[in-house]
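Asks: One file: structure04.pdb (PDB, N, CA and C atoms, pLDDT in the B column).
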```pdb
ATOM      1  N   MET R   1     131.674  95.152 121.694  1.00 84.00           N
ATOM      2  CA  MET R   1     131.768  94.199 120.615  1.00 84.00           C
ATOM      3  C   MET R   1     133.233  94.062 120.226  1.00 84.00           C
ATOM      4  N   SER R   2     133.689  92.838 120.066  1.00 91.00           N
ATOM      5  CA  SER R   2     135.063  92.611 119.637  1.00 91.00           C
ATOM      6  C   SER R   2     135.070  92.196 118.167  1.00 91.00           C
ATOM      7  N   LEU R   3     136.193  92.439 117.541  1.00 91.00           N
ATOM      8  CA  LEU R   3     136.355  92.113 116.133  1.00 91.00           C
ATOM      9  C   LEU R   3     137.559  91.215 115.989  1.00 91.00           C
ATOM     10  N   LEU R   4     137.385  90.140 115.284  1.00 93.00           N
ATOM     11  CA  LEU R   4     138.470  89.198 115.060  1.00 93.00           C
ATOM     12  C   LEU R   4     138.736  89.124 113.569  1.00 93.00           C
ATOM     13  N   SER R   5     139.974  89.287 113.179  1.00 93.00           N
ATOM     14  CA  SER R   5     140.363  89.200 111.777  1.00 93.00           C
ATOM     15  C   SER R   5     141.291  88.012 111.596  1.00 93.00           C
ATOM     16  N   VAL R   6     141.124  87.360 110.471  1.00 93.00           N
ATOM     17  CA  VAL R   6     141.983  86.232 110.143  1.00 93.00           C
ATOM     18  C   VAL R   6     142.567  86.491 108.762  1.00 93.00           C
ATOM     19  N   LYS R   7     143.856  86.385 108.641  1.00 93.00           N
ATOM     20  CA  LYS R   7     144.526  86.554 107.366  1.00 93.00           C
ATOM     21  C   LYS R   7     144.903  85.170 106.858  1.00 93.00           C
ATOM     22  N   CYS R   8     144.505  84.891 105.625  1.00 92.00           N
ATOM     23  CA  CYS R   8     144.859  83.603 105.043  1.00 92.00           C
ATOM     24  C   CYS R   8     145.184  83.793 103.575  1.00 92.00           C
ATOM     25  N   LYS R   9     145.916  82.874 103.035  1.00 92.00           N
ATOM     26  CA  LYS R   9     146.312  82.937 101.643  1.00 92.00           C
ATOM     27  C   LYS R   9     145.534  81.882 100.867  1.00 92.00           C
ATOM     28  N   LEU R  10     144.928  82.311  99.782  1.00 89.00           N
ATOM     29  CA  LEU R  10     144.166  81.410  98.925  1.00 89.00           C
ATOM     30  C   LEU R  10     145.102  80.880  97.852  1.00 89.00           C
ATOM     31  N   VAL R  11     145.231  79.562  97.780  1.00 94.00           N
ATOM     32  CA  VAL R  11     146.109  78.948  96.796  1.00 94.00           C
ATOM     33  C   VAL R  11     145.288  77.928  95.996  1.00 94.00           C
ATOM     34  N   PRO R  12     144.555  78.421  94.985  1.00 94.00           N
ATOM     35  CA  PRO R  12     143.716  77.514  94.203  1.00 94.00           C
ATOM     36  C   PRO R  12     144.530  76.756  93.164  1.00 94.00           C
ATOM     37  N   ASP R  13     143.995  75.612  92.752  1.00 96.00           N
ATOM     38  CA  ASP R  13     144.631  74.915  91.640  1.00 96.00           C
ATOM     39  C   ASP R  13     144.328  75.700  90.359  1.00 96.00           C
ATOM     40  N   ALA R  14     144.926  75.317  89.234  1.00 95.00           N
ATOM     41  CA  ALA R  14     144.806  76.083  87.987  1.00 95.00           C
ATOM     42  C   ALA R  14     143.359  76.233  87.537  1.00 95.00           C
ATOM     43  N   SER R  15     142.588  75.175  87.639  1.00 95.00           N
ATOM     44  CA  SER R  15     141.193  75.208  87.208  1.00 95.00           C
ATOM     45  C   SER R  15     140.367  76.166  88.063  1.00 95.00           C
ATOM     46  N   THR R  16     140.552  76.088  89.365  1.00 96.00           N
ATOM     47  CA  THR R  16     139.823  76.967  90.280  1.00 96.00           C
ATOM     48  C   THR R  16     140.267  78.412  90.107  1.00 96.00           C
ATOM     49  N   ALA R  17     141.548  78.636  89.889  1.00 96.00           N
ATOM     50  CA  ALA R  17     142.062  79.992  89.677  1.00 96.00           C
ATOM     51  C   ALA R  17     141.424  80.613  88.437  1.00 96.00           C
ATOM     52  N   GLU R  18     141.265  79.831  87.393  1.00 96.00           N
ATOM     53  CA  GLU R  18     140.624  80.316  86.165  1.00 96.00           C
ATOM     54  C   GLU R  18     139.166  80.687  86.435  1.00 96.00           C
ATOM     55  N   LYS R  19     138.460  79.849  87.174  1.00 95.00           N
ATOM     56  CA  LYS R  19     137.054  80.132  87.505  1.00 95.00           C
ATOM     57  C   LYS R  19     136.941  81.389  88.364  1.00 95.00           C
ATOM     58  N   LEU R  20     137.828  81.544  89.337  1.00 94.00           N
ATOM     59  CA  LEU R  20     137.816  82.744  90.183  1.00 94.00           C
ATOM     60  C   LEU R  20     138.099  83.992  89.357  1.00 94.00           C
ATOM     61  N   SER R  21     139.059  83.904  88.476  1.00 96.00           N
ATOM     62  CA  SER R  21     139.408  85.031  87.628  1.00 96.00           C
ATOM     63  C   SER R  21     138.227  85.418  86.735  1.00 96.00           C
ATOM     64  N   ARG R  22     137.559  84.437  86.167  1.00 96.00           N
ATOM     65  CA  ARG R  22     136.394  84.685  85.315  1.00 96.00           C
ATOM     66  C   ARG R  22     135.282  85.366  86.121  1.00 96.00           C
ATOM     67  N   THR R  23     135.056  84.869  87.339  1.00 96.00           N
ATOM     68  CA  THR R  23     134.012  85.447  88.194  1.00 96.00           C
ATOM     69  C   THR R  23     134.334  86.895  88.556  1.00 96.00           C
ATOM     70  N   VAL R  24     135.584  87.165  88.893  1.00 96.00           N
ATOM     71  CA  VAL R  24     135.995  88.535  89.233  1.00 96.00           C
ATOM     72  C   VAL R  24     135.780  89.459  88.041  1.00 96.00           C
ATOM     73  N   ASN R  25     136.137  89.006  86.853  1.00 97.00           N
ATOM     74  CA  ASN R  25     135.963  89.828  85.658  1.00 97.00           C
ATOM     75  C   ASN R  25     134.477  90.058  85.349  1.00 97.00           C
ATOM     76  N   GLN R  26     133.661  89.022  85.484  1.00 97.00           N
ATOM     77  CA  GLN R  26     132.228  89.173  85.257  1.00 97.00           C
ATOM     78  C   GLN R  26     131.624  90.140  86.273  1.00 97.00           C
ATOM     79  N   PHE R  27     132.050  90.041  87.518  1.00 98.00           N
ATOM     80  CA  PHE R  27     131.557  90.924  88.560  1.00 98.00           C
ATOM     81  C   PHE R  27     131.938  92.373  88.270  1.00 98.00           C
ATOM     82  N   ALA R  28     133.185  92.598  87.857  1.00 98.00           N
ATOM     83  CA  ALA R  28     133.632  93.955  87.537  1.00 98.00           C
ATOM     84  C   ALA R  28     132.827  94.525  86.368  1.00 98.00           C
ATOM     85  N   ASP R  29     132.604  93.716  85.338  1.00 98.00           N
ATOM     86  CA  ASP R  29     131.803  94.161  84.195  1.00 98.00           C
ATOM     87  C   ASP R  29     130.375  94.493  84.631  1.00 98.00           C
ATOM     88  N   ALA R  30     129.822  93.675  85.510  1.00 98.00           N
ATOM     89  CA  ALA R  30     128.467  93.903  86.010  1.00 98.00           C
ATOM     90  C   ALA R  30     128.397  95.189  86.831  1.00 98.00           C
ATOM     91  N   CYS R  31     129.405  95.452  87.643  1.00 97.00           N
ATOM     92  CA  CYS R  31     129.446  96.694  88.425  1.00 97.00           C
ATOM     93  C   CYS R  31     129.488  97.904  87.502  1.00 97.00           C
ATOM     94  N   ASN R  32     130.288  97.825  86.455  1.00 98.00           N
ATOM     95  CA  ASN R  32     130.359  98.935  85.502  1.00 98.00           C
ATOM     96  C   ASN R  32     129.023  99.141  84.799  1.00 98.00           C
ATOM     97  N   TYR R  33     128.358  98.063  84.454  1.00 98.00           N
ATOM     98  CA  TYR R  33     127.039  98.162  83.836  1.00 98.00           C
ATOM     99  C   TYR R  33     126.039  98.809  84.806  1.00 98.00           C
ATOM    100  N   ALA R  34     126.037  98.363  86.046  1.00 97.00           N
ATOM    101  CA  ALA R  34     125.120  98.927  87.047  1.00 97.00           C
ATOM    102  C   ALA R  34     125.382 100.423  87.226  1.00 97.00           C
ATOM    103  N   LEU R  35     126.641 100.828  87.192  1.00 97.00           N
ATOM    104  CA  LEU R  35     126.969 102.244  87.306  1.00 97.00           C
ATOM    105  C   LEU R  35     126.432 103.024  86.110  1.00 97.00           C
ATOM    106  N   GLN R  36     126.545 102.465  84.916  1.00 97.00           N
ATOM    107  CA  GLN R  36     125.994 103.125  83.724  1.00 97.00           C
ATOM    108  C   GLN R  36     124.490 103.325  83.867  1.00 97.00           C
ATOM    109  N   VAL R  37     123.797 102.303  84.341  1.00 97.00           N
ATOM    110  CA  VAL R  37     122.346 102.398  84.526  1.00 97.00           C
ATOM    111  C   VAL R  37     122.025 103.430  85.595  1.00 97.00           C
ATOM    112  N   ALA R  38     122.770 103.430  86.688  1.00 97.00           N
ATOM    113  CA  ALA R  38     122.533 104.400  87.762  1.00 97.00           C
ATOM    114  C   ALA R  38     122.685 105.828  87.240  1.00 97.00           C
ATOM    115  N   ARG R  39     123.717 106.052  86.457  1.00 97.00           N
ATOM    116  CA  ARG R  39     123.923 107.392  85.895  1.00 97.00           C
ATOM    117  C   ARG R  39     122.822 107.745  84.900  1.00 97.00           C
ATOM    118  N   ARG R  40     122.501 106.794  84.025  1.00 97.00           N
ATOM    119  CA  ARG R  40     121.484 107.043  82.998  1.00 97.00           C
ATOM    120  C   ARG R  40     120.123 107.358  83.612  1.00 97.00           C
ATOM    121  N   ASP R  41     119.750 106.562  84.622  1.00 96.00           N
ATOM    122  CA  ASP R  41     118.423 106.683  85.230  1.00 96.00           C
ATOM    123  C   ASP R  41     118.404 107.540  86.488  1.00 96.00           C
ATOM    124  N   ASN R  42     119.573 108.070  86.861  1.00 96.00           N
ATOM    125  CA  ASN R  42     119.706 108.819  88.105  1.00 96.00           C
ATOM    126  C   ASN R  42     119.119 108.009  89.271  1.00 96.00           C
ATOM    127  N   ALA R  43     119.488 106.749  89.314  1.00 94.00           N
ATOM    128  CA  ALA R  43     118.977 105.800  90.325  1.00 94.00           C
ATOM    129  C   ALA R  43     120.090 105.497  91.323  1.00 94.00           C
ATOM    130  N   TRP R  44     120.146 106.278  92.389  1.00 94.00           N
ATOM    131  CA  TRP R  44     121.219 106.108  93.369  1.00 94.00           C
ATOM    132  C   TRP R  44     120.757 105.373  94.622  1.00 94.00           C
ATOM    133  N   ASN R  45     119.484 105.106  94.711  1.00 96.00           N
ATOM    134  CA  ASN R  45     118.949 104.324  95.821  1.00 96.00           C
ATOM    135  C   ASN R  45     119.243 102.855  95.561  1.00 96.00           C
ATOM    136  N   LYS R  46     119.812 102.156  96.537  1.00 94.00           N
ATOM    137  CA  LYS R  46     120.211 100.757  96.365  1.00 94.00           C
ATOM    138  C   LYS R  46     119.059  99.893  95.858  1.00 94.00           C
ATOM    139  N   PHE R  47     117.891 100.079  96.437  1.00 95.00           N
ATOM    140  CA  PHE R  47     116.759  99.218  96.082  1.00 95.00           C
ATOM    141  C   PHE R  47     116.226  99.540  94.687  1.00 95.00           C
ATOM    142  N   ALA R  48     116.196 100.812  94.325  1.00 95.00           N
ATOM    143  CA  ALA R  48     115.738 101.195  92.985  1.00 95.00           C
ATOM    144  C   ALA R  48     116.703 100.677  91.928  1.00 95.00           C
ATOM    145  N   LEU R  49     117.998 100.803  92.191  1.00 96.00           N
ATOM    146  CA  LEU R  49     118.991 100.321  91.236  1.00 96.00           C
ATOM    147  C   LEU R  49     118.952  98.804  91.133  1.00 96.00           C
ATOM    148  N   GLN R  50     118.805  98.134  92.247  1.00 96.00           N
ATOM    149  CA  GLN R  50     118.718  96.669  92.234  1.00 96.00           C
ATOM    150  C   GLN R  50     117.520  96.216  91.405  1.00 96.00           C
ATOM    151  N   ARG R  51     116.390  96.889  91.580  1.00 96.00           N
ATOM    152  CA  ARG R  51     115.193  96.568  90.805  1.00 96.00           C
ATOM    153  C   ARG R  51     115.457  96.749  89.305  1.00 96.00           C
ATOM    154  N   ALA R  52     116.247  97.761  88.972  1.00 96.00           N
ATOM    155  CA  ALA R  52     116.503  98.084  87.570  1.00 96.00           C
ATOM    156  C   ALA R  52     117.478  97.116  86.896  1.00 96.00           C
ATOM    157  N   VAL R  53     118.423  96.551  87.653  1.00 97.00           N
ATOM    158  CA  VAL R  53     119.493  95.785  86.995  1.00 97.00           C
ATOM    159  C   VAL R  53     119.607  94.319  87.412  1.00 97.00           C
ATOM    160  N   TYR R  54     118.943  93.914  88.460  1.00 98.00           N
ATOM    161  CA  TYR R  54     119.173  92.579  89.031  1.00 98.00           C
ATOM    162  C   TYR R  54     119.055  91.456  87.995  1.00 98.00           C
ATOM    163  N   ARG R  55     117.937  91.386  87.305  1.00 97.00           N
ATOM    164  CA  ARG R  55     117.736  90.274  86.349  1.00 97.00           C
ATOM    165  C   ARG R  55     118.787  90.268  85.259  1.00 97.00           C
ATOM    166  N   GLU R  56     119.105  91.460  84.744  1.00 96.00           N
ATOM    167  CA  GLU R  56     120.103  91.516  83.678  1.00 96.00           C
ATOM    168  C   GLU R  56     121.491  91.124  84.191  1.00 96.00           C
ATOM    169  N   LEU R  57     121.811  91.502  85.418  1.00 97.00           N
ATOM    170  CA  LEU R  57     123.097  91.088  85.976  1.00 97.00           C
ATOM    171  C   LEU R  57     123.180  89.572  86.057  1.00 97.00           C
ATOM    172  N   ARG R  58     122.096  88.936  86.448  1.00 97.00           N
ATOM    173  CA  ARG R  58     122.077  87.473  86.536  1.00 97.00           C
ATOM    174  C   ARG R  58     122.215  86.849  85.150  1.00 97.00           C
ATOM    175  N   GLU R  59     121.426  87.345  84.193  1.00 97.00           N
ATOM    176  CA  GLU R  59     121.382  86.735  82.866  1.00 97.00           C
ATOM    177  C   GLU R  59     122.589  87.108  82.008  1.00 97.00           C
ATOM    178  N   ARG R  60     122.851  88.382  81.886  1.00 97.00           N
ATOM    179  CA  ARG R  60     123.894  88.866  80.974  1.00 97.00           C
ATOM    180  C   ARG R  60     125.303  88.539  81.458  1.00 97.00           C
ATOM    181  N   PHE R  61     125.511  88.625  82.773  1.00 97.00           N
ATOM    182  CA  PHE R  61     126.849  88.434  83.305  1.00 97.00           C
ATOM    183  C   PHE R  61     127.029  87.096  84.010  1.00 97.00           C
ATOM    184  N   GLY R  62     125.954  86.322  84.113  1.00 95.00           N
ATOM    185  CA  GLY R  62     126.037  84.986  84.705  1.00 95.00           C
ATOM    186  C   GLY R  62     126.372  84.997  86.192  1.00 95.00           C
ATOM    187  N   LEU R  63     125.937  86.044  86.904  1.00 96.00           N
ATOM    188  CA  LEU R  63     126.260  86.135  88.319  1.00 96.00           C
ATOM    189  C   LEU R  63     125.288  85.338  89.165  1.00 96.00           C
ATOM    190  N   THR R  64     125.762  84.908  90.313  1.00 96.00           N
ATOM    191  CA  THR R  64     124.887  84.278  91.300  1.00 96.00           C
ATOM    192  C   THR R  64     124.031  85.373  91.929  1.00 96.00           C
ATOM    193  N   ALA R  65     123.010  84.977  92.637  1.00 97.00           N
ATOM    194  CA  ALA R  65     122.115  85.942  93.287  1.00 97.00           C
ATOM    195  C   ALA R  65     122.893  86.846  94.255  1.00 97.00           C
ATOM    196  N   ASN R  66     123.777  86.270  95.050  1.00 96.00           N
ATOM    197  CA  ASN R  66     124.536  87.076  96.019  1.00 96.00           C
ATOM    198  C   ASN R  66     125.377  88.136  95.340  1.00 96.00           C
ATOM    199  N   LEU R  67     126.033  87.770  94.242  1.00 96.00           N
ATOM    200  CA  LEU R  67     126.859  88.747  93.556  1.00 96.00           C
ATOM    201  C   LEU R  67     126.023  89.795  92.838  1.00 96.00           C
ATOM    202  N   ALA R  68     124.860  89.420  92.338  1.00 96.00           N
ATOM    203  CA  ALA R  68     123.987  90.379  91.660  1.00 96.00           C
ATOM    204  C   ALA R  68     123.424  91.405  92.636  1.00 96.00           C
ATOM    205  N   VAL R  69     123.173  90.999  93.857  1.00 95.00           N
ATOM    206  CA  VAL R  69     122.659  91.927  94.868  1.00 95.00           C
ATOM    207  C   VAL R  69     123.774  92.864  95.286  1.00 95.00           C
TER     208      VAL R  69
END
```
Write out the structure in this file as structure tokens.

Replies:
Amino acid sequence: MSLLSVKCKLVPDASTAEKLSRTVNQFADACNYALQVARRDNAWNKFALQRAVYRELRERFGLTANLAV
């Protein structure tokens, strides 16, 4: 199997940069929340943790399905 990597620079306009920044911050907050739940519930299995936090990640943090998973 071969692996091909491509390096590119993302140069968004101001509006898109703001949206990307907001999404990154929401994602980071959601990850921290998921970690709190994992520690609280001792839920280290990916599927158990996903079951526990998925809906709240979507609703509370406004994440898309892909980012919530």

Asks: Suppose a student applies the PyMOL selection byres ((chain R and resi 26-32) around 8) to this structure; what residues should they get, written as an MDAnalysis selection string?

Replies: chainID R and resid 20:25 33:38 56:57 60:63 67:68

Asks: Figure out the distance between CA of Val69 in chain R and atom C of Thr16 in chain R, please, to one decimal in Å.

Replies: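 Taking atom C of Thr16 in chain R and CA of Val69 in chain R, their separation equals 22.7 Å.
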
Asks: What's the separation between atom C of Ala43 in chain R and atom C of Asn66 in chain R, in Å to one decimal place?

Replies: 18.6 Å

Asks: Give the helix (DSSP H, G or I) residues of chain R, as DSSP finds them on the backbone, and put them as a ChimeraX atom specification.

Replies: /R:14-41,46-61,65-68

Asks: Enter the distance from atom N of Arg51 in chain R to atom C of Thr64 in chain R, in Å, rounded to one decimal.

Replies: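 Going from atom N of Arg51 in chain R over to atom C of Thr64 in chain R covers 13.8 Å.
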